[in-house]
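entry34.cif (mmCIF, C-alpha atoms)
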data_protein
#
loop_
_atom_site.group_PDB
_atom_site.id
_atom_site.type_symbol
_atom_site.label_atom_id
_atom_site.label_comp_id
_atom_site.auth_asym_id
_atom_site.auth_seq_id
_atom_site.Cartn_x
_atom_site.Cartn_y
_atom_site.Cartn_z
ATOM 1 C CA ASP A 852 0.000 0.000 0.000
ATOM 2 C CA ILE A 853 1.778 3.162 -1.244
ATOM 3 C CA SER A 854 -1.196 5.519 -0.977
ATOM 4 C CA GLY A 855 0.498 7.472 1.864
ATOM 5 C CA ARG A 856 3.583 8.090 -0.250
ATOM 6 C CA LYS A 857 1.471 9.154 -3.221
ATOM 7 C CA ARG A 858 -0.456 11.572 -1.012
ATOM 8 C CA LEU A 859 2.835 13.055 0.247
ATOM 9 C CA GLU A 860 4.083 13.431 -3.353
ATOM 10 C CA ARG A 861 0.894 15.328 -4.273
ATOM 11 C CA GLN A 862 1.319 17.605 -1.261
ATOM 12 C CA LEU A 863 4.942 18.306 -2.168
ATOM 13 C CA GLN A 864 3.996 19.028 -5.792
ATOM 14 C CA HIS A 865 1.268 21.406 -4.629
ATOM 15 C CA ALA A 866 3.668 23.150 -2.228
ATOM 16 C CA TYR A 867 6.222 23.537 -5.049
ATOM 17 C CA GLN A 868 3.612 25.083 -7.357
ATOM 18 C CA GLU A 869 2.499 27.482 -4.625
ATOM 19 C CA ALA A 870 6.104 28.508 -3.927
ATOM 20 C CA ALA A 871 6.708 29.120 -7.655
ATOM 21 C CA LYS A 872 3.561 31.272 -7.844
ATOM 22 C CA ALA A 873 4.623 33.242 -4.755
ATOM 23 C CA ASN A 874 8.099 33.780 -6.196
ATOM 24 C CA LYS A 875 6.662 35.023 -9.502
ATOM 25 C CA ALA A 876 4.244 37.307 -7.658
ATOM 26 C CA LYS A 877 7.144 38.740 -5.648
ATOM 27 C CA GLY A 878 9.129 39.448 -8.806
ATOM 28 C CA ASP A 879 6.125 41.037 -10.529
ATOM 29 C CA PHE A 880 5.446 43.156 -7.445
ATOM 30 C CA LEU A 881 9.028 44.404 -7.262
ATOM 31 C CA ALA A 882 9.089 45.261 -10.952
ATOM 32 C CA THR A 883 5.718 47.014 -10.862
ATOM 33 C CA MET A 884 6.419 49.004 -7.692
ATOM 34 C CA SER A 885 9.859 50.038 -8.943
ATOM 35 C CA HIS A 886 8.289 51.533 -12.060
ATOM 36 C CA GLU A 887 5.459 53.136 -10.100
ATOM 37 C CA ILE A 888 7.887 54.791 -7.664
ATOM 38 C CA ARG A 889 10.424 55.784 -10.301
ATOM 39 C CA THR A 890 7.903 57.848 -12.309
ATOM 40 C CA PRO A 891 7.101 60.385 -9.529
ATOM 41 C CA MET A 892 10.767 60.403 -8.449
ATOM 42 C CA ASN A 893 11.793 61.474 -11.955
ATOM 43 C CA ALA A 894 9.168 64.220 -11.738
ATOM 44 C CA ILE A 895 10.600 65.441 -8.401
ATOM 45 C CA ILE A 896 14.132 65.540 -9.820
ATOM 46 C CA GLY A 897 12.944 67.266 -13.004
ATOM 47 C CA MET A 898 10.973 69.913 -11.113
ATOM 48 C CA GLY A 899 14.010 70.494 -8.915
ATOM 49 C CA HIS A 900 16.134 71.255 -11.989
ATOM 50 C CA LEU A 901 13.494 73.713 -13.234
ATOM 51 C CA LEU A 902 13.311 75.334 -9.803
ATOM 52 C CA ARG A 903 17.062 75.969 -9.902
ATOM 53 C CA ASP A 904 16.503 78.366 -12.811
ATOM 54 C CA THR A 905 14.286 80.625 -10.680
ATOM 55 C CA SER A 906 15.435 83.280 -8.224
ATOM 56 C CA MET A 907 16.051 81.772 -4.782
ATOM 57 C CA SER A 908 17.835 82.678 -1.582
ATOM 58 C CA ARG A 909 21.025 80.907 -0.531
ATOM 59 C CA GLN A 910 19.092 78.928 2.084
ATOM 60 C CA GLN A 911 16.512 77.788 -0.493
ATOM 61 C CA ILE A 912 19.307 76.672 -2.842
ATOM 62 C CA ASP A 913 20.818 74.591 -0.020
ATOM 63 C CA TYR A 914 17.439 73.004 0.735
ATOM 64 C CA LEU A 915 16.916 72.211 -2.950
ATOM 65 C CA GLY A 916 20.379 70.638 -3.121
ATOM 66 C CA ASN A 917 19.466 68.328 -0.229
ATOM 67 C CA ILE A 918 16.177 67.394 -1.910
ATOM 68 C CA ASP A 919 17.940 66.657 -5.187
ATOM 69 C CA HIS A 920 20.600 64.507 -3.490
ATOM 70 C CA ALA A 921 17.977 62.526 -1.552
ATOM 71 C CA ALA A 922 15.827 62.025 -4.671
ATOM 72 C CA ASN A 923 18.771 60.762 -6.733
ATOM 73 C CA THR A 924 19.823 58.412 -3.921
ATOM 74 C CA LEU A 925 16.309 56.975 -3.748
ATOM 75 C CA LEU A 926 16.160 56.637 -7.530
ATOM 76 C CA HIS A 927 19.461 54.725 -7.449
ATOM 77 C CA ILE A 928 18.010 52.320 -4.857
ATOM 78 C CA ILE A 929 14.879 51.849 -6.977
ATOM 79 C CA ASP A 930 17.012 51.004 -10.008
ATOM 80 C CA LYS A 931 18.826 48.335 -7.970
ATOM 81 C CA VAL A 932 15.529 46.816 -6.810
ATOM 82 C CA LEU A 933 14.258 46.779 -10.402
ATOM 83 C CA ASP A 934 17.449 45.096 -11.626
ATOM 84 C CA PHE A 935 17.178 42.527 -8.843
ATOM 85 C CA ALA A 936 13.586 41.806 -9.889
ATOM 86 C CA LYS A 937 14.759 41.303 -13.479
ATOM 87 C CA ILE A 938 17.537 38.977 -12.302
ATOM 88 C CA ASP A 939 15.051 36.997 -10.228
ATOM 89 C CA SER A 940 12.878 36.414 -13.302
ATOM 90 C CA ASP A 941 15.791 36.019 -15.801
ATOM 91 C CA LYS A 942 14.701 39.089 -17.768
ATOM 92 C CA ILE A 943 18.060 40.895 -18.074
ATOM 93 C CA VAL A 944 19.373 40.697 -21.647
ATOM 94 C CA LEU A 945 22.667 42.350 -22.583
ATOM 95 C CA ASP A 946 23.004 44.629 -25.615
ATOM 96 C CA ASN A 947 25.662 43.872 -28.211
ATOM 97 C CA ILE A 948 26.581 47.203 -29.776
ATOM 98 C CA HIS A 949 29.762 49.027 -30.766
ATOM 99 C CA PHE A 950 31.209 51.212 -27.969
ATOM 100 C CA ASP A 951 34.270 53.255 -27.057
ATOM 101 C CA LEU A 952 35.970 52.010 -23.867
ATOM 102 C CA ASP A 953 37.714 55.377 -23.442
ATOM 103 C CA GLU A 954 34.302 57.082 -23.266
ATOM 104 C CA VAL A 955 33.079 54.582 -20.639
ATOM 105 C CA LEU A 956 36.097 55.247 -18.404
ATOM 106 C CA GLU A 957 35.898 59.021 -18.963
ATOM 107 C CA ASN A 958 32.224 58.958 -17.965
ATOM 108 C CA LEU A 959 33.079 56.989 -14.819
ATOM 109 C CA SER A 960 35.763 59.531 -13.949
ATOM 110 C CA GLN A 961 33.255 62.372 -14.157
ATOM 111 C CA LEU A 962 30.578 60.485 -12.203
ATOM 112 C CA THR A 963 32.854 59.542 -9.304
ATOM 113 C CA ASP A 964 35.055 62.642 -9.096
ATOM 114 C CA ALA A 965 32.709 64.706 -6.908
ATOM 115 C CA ASP A 966 32.171 62.001 -4.258
ATOM 116 C CA ALA A 967 35.892 61.195 -4.173
ATOM 117 C CA SER A 968 36.842 64.880 -3.820
ATOM 118 C CA LEU A 969 34.498 65.312 -0.860
ATOM 119 C CA LYS A 970 36.527 62.669 1.016
ATOM 120 C CA LYS A 971 39.858 63.974 -0.352
ATOM 121 C CA LEU A 972 40.352 60.755 -2.295
ATOM 122 C CA GLU A 973 41.688 60.427 -5.823
ATOM 123 C CA VAL A 974 40.462 57.916 -8.399
ATOM 124 C CA VAL A 975 43.254 56.926 -10.804
ATOM 125 C CA PHE A 976 42.514 55.065 -14.042
ATOM 126 C CA ASP A 977 45.378 52.828 -15.202
ATOM 127 C CA THR A 978 44.605 51.357 -18.632
ATOM 128 C CA ASP A 979 47.192 49.153 -20.294
ATOM 129 C CA SER A 980 48.305 50.664 -23.605
ATOM 130 C CA LYS A 981 47.506 47.414 -25.479
ATOM 131 C CA THR A 982 43.861 47.465 -24.365
ATOM 132 C CA PRO A 983 41.515 47.823 -27.358
ATOM 133 C CA ARG A 984 39.603 51.093 -27.441
ATOM 134 C CA PHE A 985 36.675 49.933 -29.601
ATOM 135 C CA LEU A 986 34.638 46.845 -28.709
ATOM 136 C CA ARG A 987 31.198 45.297 -29.109
ATOM 137 C CA GLY A 988 29.120 44.562 -26.020
ATOM 138 C CA ASP A 989 26.936 46.243 -23.406
ATOM 139 C CA ALA A 990 28.698 49.446 -22.348
ATOM 140 C CA VAL A 991 25.824 50.478 -20.053
ATOM 141 C CA ARG A 992 26.058 47.313 -17.956
ATOM 142 C CA LEU A 993 29.866 47.471 -17.903
ATOM 143 C CA ASN A 994 29.574 51.059 -16.665
ATOM 144 C CA GLN A 995 27.064 49.920 -14.024
ATOM 145 C CA VAL A 996 29.406 47.263 -12.603
ATOM 146 C CA LEU A 997 32.465 49.540 -12.556
ATOM 147 C CA TYR A 998 30.502 52.447 -11.081
ATOM 148 C CA HIS A 999 29.242 50.303 -8.217
ATOM 149 C CA LEU A 1000 32.715 48.938 -7.429
ATOM 150 C CA ILE A 1001 34.309 52.411 -7.540
ATOM 151 C CA ASN A 1002 31.473 53.880 -5.471
ATOM 152 C CA ASN A 1003 31.940 51.112 -2.885
ATOM 153 C CA ALA A 1004 35.677 51.827 -2.743
ATOM 154 C CA ILE A 1005 34.955 55.519 -2.128
ATOM 155 C CA LYS A 1006 32.316 54.714 0.489
ATOM 156 C CA PHE A 1007 34.611 52.435 2.500
ATOM 157 C CA SER A 1008 37.792 54.556 2.236
ATOM 158 C CA ASP A 1009 38.811 57.553 4.320
ATOM 159 C CA SER A 1010 42.195 58.220 2.723
ATOM 160 C CA GLY A 1011 44.530 57.143 -0.047
ATOM 161 C CA ASN A 1012 43.900 56.368 -3.702
ATOM 162 C CA ILE A 1013 41.424 54.229 -5.606
ATOM 163 C CA VAL A 1014 43.061 52.640 -8.644
ATOM 164 C CA VAL A 1015 41.017 51.274 -11.558
ATOM 165 C CA THR A 1016 43.125 49.088 -13.837
ATOM 166 C CA THR A 1017 42.158 47.622 -17.204
ATOM 167 C CA CYS A 1018 44.146 45.098 -19.234
ATOM 168 C CA ILE A 1019 43.755 42.244 -21.712
ATOM 169 C CA LYS A 1020 43.497 38.766 -20.223
ATOM 170 C CA LYS A 1021 42.817 36.750 -23.372
ATOM 171 C CA THR A 1022 42.277 37.335 -27.089
ATOM 172 C CA THR A 1023 40.821 34.967 -29.695
ATOM 173 C CA LYS A 1024 39.337 35.403 -33.172
ATOM 174 C CA GLU A 1025 35.852 35.530 -31.635
ATOM 175 C CA PHE A 1026 36.347 37.710 -28.555
ATOM 176 C CA VAL A 1027 38.661 39.711 -26.323
ATOM 177 C CA GLU A 1028 38.547 39.106 -22.562
ATOM 178 C CA LEU A 1029 39.397 42.114 -20.405
ATOM 179 C CA LYS A 1030 40.256 42.186 -16.727
ATOM 180 C CA PHE A 1031 39.140 45.134 -14.606
ATOM 181 C CA CYS A 1032 40.368 45.720 -11.067
ATOM 182 C CA VAL A 1033 39.293 48.296 -8.466
ATOM 183 C CA SER A 1034 41.644 48.556 -5.471
ATOM 184 C CA ASP A 1035 41.426 50.820 -2.444
ATOM 185 C CA GLN A 1036 43.153 51.487 0.883
ATOM 186 C CA GLY A 1037 39.942 51.409 2.910
ATOM 187 C CA ILE A 1038 38.636 49.469 5.896
ATOM 188 C CA GLY A 1039 38.826 46.027 4.251
ATOM 189 C CA MET A 1040 36.830 42.965 5.318
ATOM 190 C CA SER A 1041 37.223 39.627 7.040
ATOM 191 C CA GLN A 1042 36.715 36.358 5.151
ATOM 192 C CA ALA A 1043 33.397 35.811 6.964
ATOM 193 C CA GLU A 1044 32.150 39.186 5.696
ATOM 194 C CA VAL A 1045 33.327 38.413 2.159
ATOM 195 C CA ASP A 1046 31.424 35.081 2.214
ATOM 196 C CA ASN A 1047 28.141 36.973 2.736
ATOM 197 C CA LEU A 1048 28.721 39.795 0.255
ATOM 198 C CA PHE A 1049 26.919 38.170 -2.668
ATOM 199 C CA THR A 1050 23.830 37.276 -0.630
ATOM 200 C CA PRO A 1051 20.934 39.628 -1.557
ATOM 201 C CA PHE A 1052 20.060 42.305 1.025
ATOM 202 C CA THR A 1053 23.171 41.404 3.059
ATOM 203 C CA GLN A 1054 26.065 43.751 3.875
ATOM 204 C CA ALA A 1055 29.394 43.398 5.626
ATOM 205 C CA ASP A 1056 28.133 45.748 8.353
ATOM 206 C CA GLY A 1057 24.568 44.639 8.927
ATOM 207 C CA SER A 1058 23.893 46.317 12.278
ATOM 208 C CA SER A 1059 21.087 48.843 12.686
ATOM 209 C CA THR A 1060 23.696 51.479 13.549
ATOM 210 C CA ARG A 1061 25.941 50.810 10.558
ATOM 211 C CA ARG A 1062 27.932 53.742 9.156
ATOM 212 C CA PHE A 1063 27.367 53.005 5.501
ATOM 213 C CA GLY A 1064 24.138 53.080 3.517
ATOM 214 C CA GLY A 1065 22.974 50.805 0.720
ATOM 215 C CA THR A 1066 20.583 47.960 0.020
ATOM 216 C CA GLY A 1067 23.017 45.055 -0.079
ATOM 217 C CA LEU A 1068 21.927 44.326 -3.673
ATOM 218 C CA GLY A 1069 24.787 45.963 -5.562
ATOM 219 C CA LEU A 1070 27.324 43.116 -5.583
ATOM 220 C CA THR A 1071 24.605 40.532 -6.250
ATOM 221 C CA ILE A 1072 23.612 42.474 -9.361
ATOM 222 C CA CYS A 1073 27.267 42.973 -10.347
ATOM 223 C CA ARG A 1074 28.001 39.255 -10.152
ATOM 224 C CA HIS A 1075 24.961 38.434 -12.286
ATOM 225 C CA LEU A 1076 25.928 41.013 -14.938
ATOM 226 C CA VAL A 1077 29.535 39.773 -14.969
ATOM 227 C CA ASN A 1078 28.287 36.198 -15.419
ATOM 228 C CA LEU A 1079 26.189 37.376 -18.386
ATOM 229 C CA MET A 1080 29.394 38.858 -19.847
ATOM 230 C CA ASN A 1081 30.989 35.371 -19.561
ATOM 231 C CA GLY A 1082 33.255 36.510 -16.735
ATOM 232 C CA SER A 1083 33.760 36.044 -13.010
ATOM 233 C CA ILE A 1084 34.283 38.359 -10.050
ATOM 234 C CA HIS A 1085 36.842 37.948 -7.272
ATOM 235 C CA ILE A 1086 37.587 39.817 -4.024
ATOM 236 C CA GLU A 1087 40.874 39.985 -2.123
ATOM 237 C CA THR A 1088 40.777 41.858 1.161
ATOM 238 C CA GLN A 1089 41.907 41.935 4.777
ATOM 239 C CA PRO A 1090 40.604 44.025 7.691
ATOM 240 C CA LYS A 1091 42.195 47.512 7.703
ATOM 241 C CA GLN A 1092 44.296 46.544 4.647
ATOM 242 C CA GLY A 1093 41.993 47.714 1.874
ATOM 243 C CA SER A 1094 40.236 45.678 -0.820
ATOM 244 C CA GLU A 1095 40.838 44.626 -4.400
ATOM 245 C CA VAL A 1096 37.814 43.624 -6.457
ATOM 246 C CA SER A 1097 38.541 42.255 -9.917
ATOM 247 C CA PHE A 1098 36.350 40.826 -12.641
ATOM 248 C CA THR A 1099 36.691 39.592 -16.201
ATOM 249 C CA ALA A 1100 34.327 40.252 -19.099
ATOM 250 C CA ARG A 1101 34.275 39.124 -22.730
ATOM 251 C CA PHE A 1102 33.523 41.418 -25.656
ATOM 252 C CA GLU A 1103 33.377 40.930 -29.391
ATOM 253 C CA HIS A 1104 35.863 42.635 -31.682
ATOM 254 C CA SER A 1105 34.712 45.918 -33.189
ATOM 255 C CA HIS A 1106 34.245 46.090 -36.949
ATOM 256 C CA ILE A 1107 36.327 49.307 -37.096
ATOM 257 C CA GLY A 1108 39.303 47.764 -35.327
ATOM 258 C CA SER A 1109 40.552 47.910 -31.755
ATOM 259 C CA SER A 1110 42.696 51.100 -32.036
ATOM 260 C CA PRO A 1111 44.809 50.663 -28.888
ATOM 261 C CA MET A 1112 47.107 53.533 -27.947
ATOM 262 C CA THR A 1113 50.172 51.614 -29.115
ATOM 263 C CA THR A 1114 49.062 51.971 -32.756
ATOM 264 C CA GLN A 1115 49.531 55.747 -32.516
ATOM 265 C CA THR A 1116 53.159 55.867 -31.380
ATOM 266 C CA HIS A 1117 54.329 57.372 -34.697
ATOM 267 C CA LEU A 1118 52.405 60.537 -33.839
ATOM 268 C CA PHE A 1119 54.448 61.157 -30.688
ATOM 269 C CA GLU A 1120 57.812 59.498 -31.329
ATOM 270 C CA GLY A 1121 60.509 61.306 -29.357
ATOM 271 C CA LEU A 1122 58.288 64.226 -28.279
ATOM 272 C CA ARG A 1123 59.674 65.727 -25.059
ATOM 273 C CA THR A 1124 57.036 65.676 -22.325
ATOM 274 C CA LEU A 1125 56.892 66.903 -18.746
ATOM 275 C CA ILE A 1126 54.338 65.269 -16.431
ATOM 276 C CA VAL A 1127 53.499 67.277 -13.311
ATOM 277 C CA ASP A 1128 51.280 65.708 -10.638
ATOM 278 C CA ASP A 1129 51.444 65.753 -6.844
ATOM 279 C CA ASN A 1130 49.918 62.259 -6.661
ATOM 280 C CA ASP A 1131 52.633 59.594 -6.851
ATOM 281 C CA ILE A 1132 50.396 56.868 -8.300
ATOM 282 C CA ALA A 1133 48.813 59.151 -10.912
ATOM 283 C CA ARG A 1134 52.250 60.426 -11.941
ATOM 284 C CA THR A 1135 53.576 56.881 -12.318
ATOM 285 C CA VAL A 1136 50.554 55.751 -14.348
ATOM 286 C CA ILE A 1137 50.757 58.720 -16.741
ATOM 287 C CA ALA A 1138 54.520 58.303 -17.130
ATOM 288 C CA ARG A 1139 54.094 54.614 -17.984
ATOM 289 C CA THR A 1140 51.474 55.510 -20.592
ATOM 290 C CA ALA A 1141 53.798 58.173 -22.035
ATOM 291 C CA ASN A 1142 56.641 55.673 -22.304
ATOM 292 C CA SER A 1143 54.387 53.174 -24.112
ATOM 293 C CA LEU A 1144 53.755 55.917 -26.699
ATOM 294 C CA HIS A 1145 57.532 56.395 -27.112
ATOM 295 C CA LEU A 1146 57.456 59.875 -25.600
ATOM 296 C CA ARG A 1147 60.637 61.239 -24.011
ATOM 297 C CA SER A 1148 58.975 61.894 -20.677
ATOM 298 C CA ASP A 1149 60.168 63.452 -17.450
ATOM 299 C CA THR A 1150 58.211 63.906 -14.214
ATOM 300 C CA ALA A 1151 57.853 66.490 -11.455
ATOM 301 C CA CYS A 1152 55.911 66.305 -8.203
ATOM 302 C CA ASN A 1153 55.355 70.046 -7.706
ATOM 303 C CA ALA A 1154 55.399 73.387 -9.520
ATOM 304 C CA VAL A 1155 58.875 74.430 -8.301
ATOM 305 C CA ASP A 1156 60.424 71.182 -9.564
ATOM 306 C CA ALA A 1157 58.528 71.562 -12.855
ATOM 307 C CA VAL A 1158 59.776 75.105 -13.466
ATOM 308 C CA THR A 1159 63.345 74.032 -12.660
ATOM 309 C CA LYS A 1160 63.179 71.217 -15.212
ATOM 310 C CA ILE A 1161 61.647 73.495 -17.852
ATOM 311 C CA GLU A 1162 64.428 76.044 -17.357
ATOM 312 C CA ALA A 1163 67.073 73.310 -17.532
ATOM 313 C CA ALA A 1164 65.552 72.051 -20.797
#
As structure tokens, how would this structure be written, given the file I've shared?
Amino acid sequence: DISGRKRLERQLQHAYQEAAKANKAKGDFLATMSHEIRTPMNAIIGMGHLLRDTSMSRQQIDYLGNIDHAANTLLHIIDKVLDFAKIDSDKIVLDNIHFDLDEVLENLSQLTDADASLKKLEVVFDTDSKTPRFLRGDAVRLNQVLYHLINNAIKFSDSGNIVVTTCIKKTTKEFVELKFCVSDQGIGMSQAEVDNLFTPFTQADGSSTRRFGGTGLGLTICRHLVNLMNGSIHIETQPKQGSEVSFTARFEHSHIGSSPMTTQTHLFEGLRTLIVDDNDIARTVIARTANSLHLRSDTACNAVDAVTKIEAA
């Protein structure tokens, strides 16, 4: 007599169907609510921009700045929730279009500069001279992953530099695989904290009095997007020793060619160049790029040293 086992199988099948329905309803709810909230938030931000063009007192301008910052922060959270809902229902599809990697990195520099400056940090972009400039893939999603990693590095750092490196890991006839790395000198994490980082709605500092904001969705979304780009993400960190987050991503070759910087060396061969920067890492990165272009480069760490070298030349 196996009627008891059959009854249990039917109950399990029913429970599975109910759980699948509940999961789908949750995803639909998140997607719908994200859209419903985002529409009025866009209106608030838009009206704020229009209000800036009217005559206001200094105090009113400060209030409007706070409103605008809060609205943009909330909109960013909504976008993360919407992306998570798409991931949950396998609805994220990557674009495959021609893009300029230089433009992506330049855009990231502009987006992150203000937040880094407020904390007296400097974001340095170190791109290997052999890295192709033109590629085919989803530049928007690549920008999203890099922006989140850089923003995290800024959030969890109080001093030092944040270095964003880009280089080729592998090249075939079908694709080029790039490796991106974001390193900081921030608070770092323990291995136990790292193990929980990719769990949705979980953060390294999960206490109710935590110093840092966020939803705990960012790295979950990043890992999913990196997986869609046929890559993987890896974290190396120690408490109070900073963090290094690296990931790989594959892109198709561009039909107009890769155009790395090294193909333009004939334009600069032997040109004498003086690089002046008070940041040691930035100065080293720029000097290395100059050397790869066959420039005759020299460096100075301050204005007095620069003027001395110019006079000597």
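Distance cut-off 10 Å, centre (30.3, 55.0, -25.6), atoms counted all atoms listed in the file; the residues meeting this are Ile948, His949, Phe950, Asp951, Leu952, Asp953, Glu954, Val955, Leu956, Glu957, Asn958, Phe985, Leu986, Asp989, Ala990, Val991 and Asn994 of chain A.
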Exercise. What residues come out when you apply the PyMOL selection byres ((chain A and resi 1107-1116) around 12) to this file, written as JSON, numbers by chain?
Worked result: {"A": [949, 950, 951, 952, 953, 978, 979, 980, 981, 982, 983, 984, 985, 986, 987, 1018, 1019, 1022, 1026, 1027, 1102, 1103, 1104, 1105, 1106, 1117, 1118, 1119, 1120, 1121, 1122, 1140, 1141, 1142, 1143, 1144, 1145, 1146, 1147]}
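Separating atom CA of Val1014 of chain A from atom CA of Val974 of chain A is a distance of 5.9 Å.
Note that the spacing between atom CA of Val944 of chain A and atom CA of Ile1086 of chain A amounts to 25.4 Å.
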For this session: Write out as an NGL selection string the residues lying within 9 Å of Asn1130 of chain A, counting all atoms listed in the file and excluding same-chain residues fewer than 3 positions away.
Result: :A and (973 or 1012 or 1133-1135 or 1152)
Same residues, C-alpha atoms, output as a short mmCIF file (atom, residue, chain, number, x, y, z; two decimals), in the frame of the given file:
data_model
loop_
_atom_site.label_atom_id
_atom_site.label_comp_id
_atom_site.auth_asym_id
_atom_site.auth_seq_id
_atom_site.Cartn_x
_atom_site.Cartn_y
_atom_site.Cartn_z
CA GLU A 973 41.69 60.43 -5.82
CA ASN A 1012 43.90 56.37 -3.70
CA ALA A 1133 48.81 59.15 -10.91
CA ARG A 1134 52.25 60.43 -11.94
CA THR A 1135 53.58 56.88 -12.32
CA CYS A 1152 55.91 66.31 -8.20
#
Pull out segment 1139-1160 of chain A, keep N, CA and C atoms, and write it as a JSON list (two decimals), in the first residue's frame.
[["chain", "number", "residue", "atom", "x", "y", "z"],
["A", 1139, "ARG", "N", 54.04, 55.92, -17.32],
["A", 1139, "ARG", "CA", 54.09, 54.61, -17.98],
["A", 1139, "ARG", "C", 53.35, 54.66, -19.32],
["A", 1140, "THR", "N", 52.22, 55.35, -19.34],
["A", 1140, "THR", "CA", 51.47, 55.51, -20.59],
["A", 1140, "THR", "C", 52.30, 56.29, -21.60],
["A", 1141, "ALA", "N", 52.96, 57.36, -21.14],
["A", 1141, "ALA", "CA", 53.80, 58.17, -22.03],
["A", 1141, "ALA", "C", 54.92, 57.34, -22.63],
["A", 1142, "ASN", "N", 55.54, 56.51, -21.82],
["A", 1142, "ASN", "CA", 56.64, 55.67, -22.30],
["A", 1142, "ASN", "C", 56.16, 54.65, -23.34],
["A", 1143, "SER", "N", 54.93, 54.13, -23.15],
["A", 1143, "SER", "CA", 54.39, 53.17, -24.11],
["A", 1143, "SER", "C", 54.12, 53.84, -25.45],
["A", 1144, "LEU", "N", 53.96, 55.16, -25.46],
["A", 1144, "LEU", "CA", 53.76, 55.92, -26.70],
["A", 1144, "LEU", "C", 55.07, 56.44, -27.28],
["A", 1145, "HIS", "N", 56.17, 56.01, -26.67],
["A", 1145, "HIS", "CA", 57.53, 56.40, -27.11],
["A", 1145, "HIS", "C", 57.80, 57.89, -26.93],
["A", 1146, "LEU", "N", 57.15, 58.49, -25.95],
["A", 1146, "LEU", "CA", 57.46, 59.87, -25.60],
["A", 1146, "LEU", "C", 58.74, 59.92, -24.78],
["A", 1147, "ARG", "N", 59.47, 61.02, -24.88],
["A", 1147, "ARG", "CA", 60.64, 61.24, -24.01],
["A", 1147, "ARG", "C", 60.13, 62.00, -22.80],
["A", 1148, "SER", "N", 59.68, 61.26, -21.79],
["A", 1148, "SER", "CA", 58.98, 61.89, -20.68],
["A", 1148, "SER", "C", 59.87, 62.11, -19.46],
["A", 1149, "ASP", "N", 59.55, 63.16, -18.74],
["A", 1149, "ASP", "CA", 60.17, 63.45, -17.45],
["A", 1149, "ASP", "C", 59.04, 63.80, -16.49],
["A", 1150, "THR", "N", 59.28, 63.67, -15.19],
["A", 1150, "THR", "CA", 58.21, 63.91, -14.21],
["A", 1150, "THR", "C", 58.63, 64.91, -13.15],
["A", 1151, "ALA", "N", 57.64, 65.56, -12.57],
["A", 1151, "ALA", "CA", 57.85, 66.49, -11.46],
["A", 1151, "ALA", "C", 56.68, 66.37, -10.50],
["A", 1152, "CYS", "N", 56.96, 66.49, -9.20],
["A", 1152, "CYS", "CA", 55.91, 66.31, -8.20],
["A", 1152, "CYS", "C", 55.33, 67.62, -7.70],
["A", 1153, "ASN", "N", 55.90, 68.75, -8.12],
["A", 1153, "ASN", "CA", 55.36, 70.05, -7.71],
["A", 1153, "ASN", "C", 55.75, 71.12, -8.72],
["A", 1154, "ALA", "N", 55.19, 72.31, -8.55],
["A", 1154, "ALA", "CA", 55.40, 73.39, -9.52],
["A", 1154, "ALA", "C", 56.86, 73.87, -9.54],
["A", 1155, "VAL", "N", 57.48, 73.95, -8.37],
["A", 1155, "VAL", "CA", 58.88, 74.43, -8.30],
["A", 1155, "VAL", "C", 59.79, 73.49, -9.08],
["A", 1156, "ASP", "N", 59.63, 72.17, -8.86],
["A", 1156, "ASP", "CA", 60.42, 71.18, -9.56],
["A", 1156, "ASP", "C", 60.16, 71.26, -11.07],
["A", 1157, "ALA", "N", 58.90, 71.49, -11.44],
["A", 1157, "ALA", "CA", 58.53, 71.56, -12.86],
["A", 1157, "ALA", "C", 59.21, 72.75, -13.54],
["A", 1158, "VAL", "N", 59.16, 73.91, -12.90],
["A", 1158, "VAL", "CA", 59.78, 75.11, -13.47],
["A", 1158, "VAL", "C", 61.29, 74.93, -13.60],
["A", 1159, "THR", "N", 61.91, 74.30, -12.60],
["A", 1159, "THR", "CA", 63.35, 74.03, -12.66],
["A", 1159, "THR", "C", 63.70, 73.16, -13.85],
["A", 1160, "LYS", "N", 62.91, 72.12, -14.11],
["A", 1160, "LYS", "CA", 63.18, 71.22, -15.21],
["A", 1160, "LYS", "C", 62.91, 71.89, -16.56]]
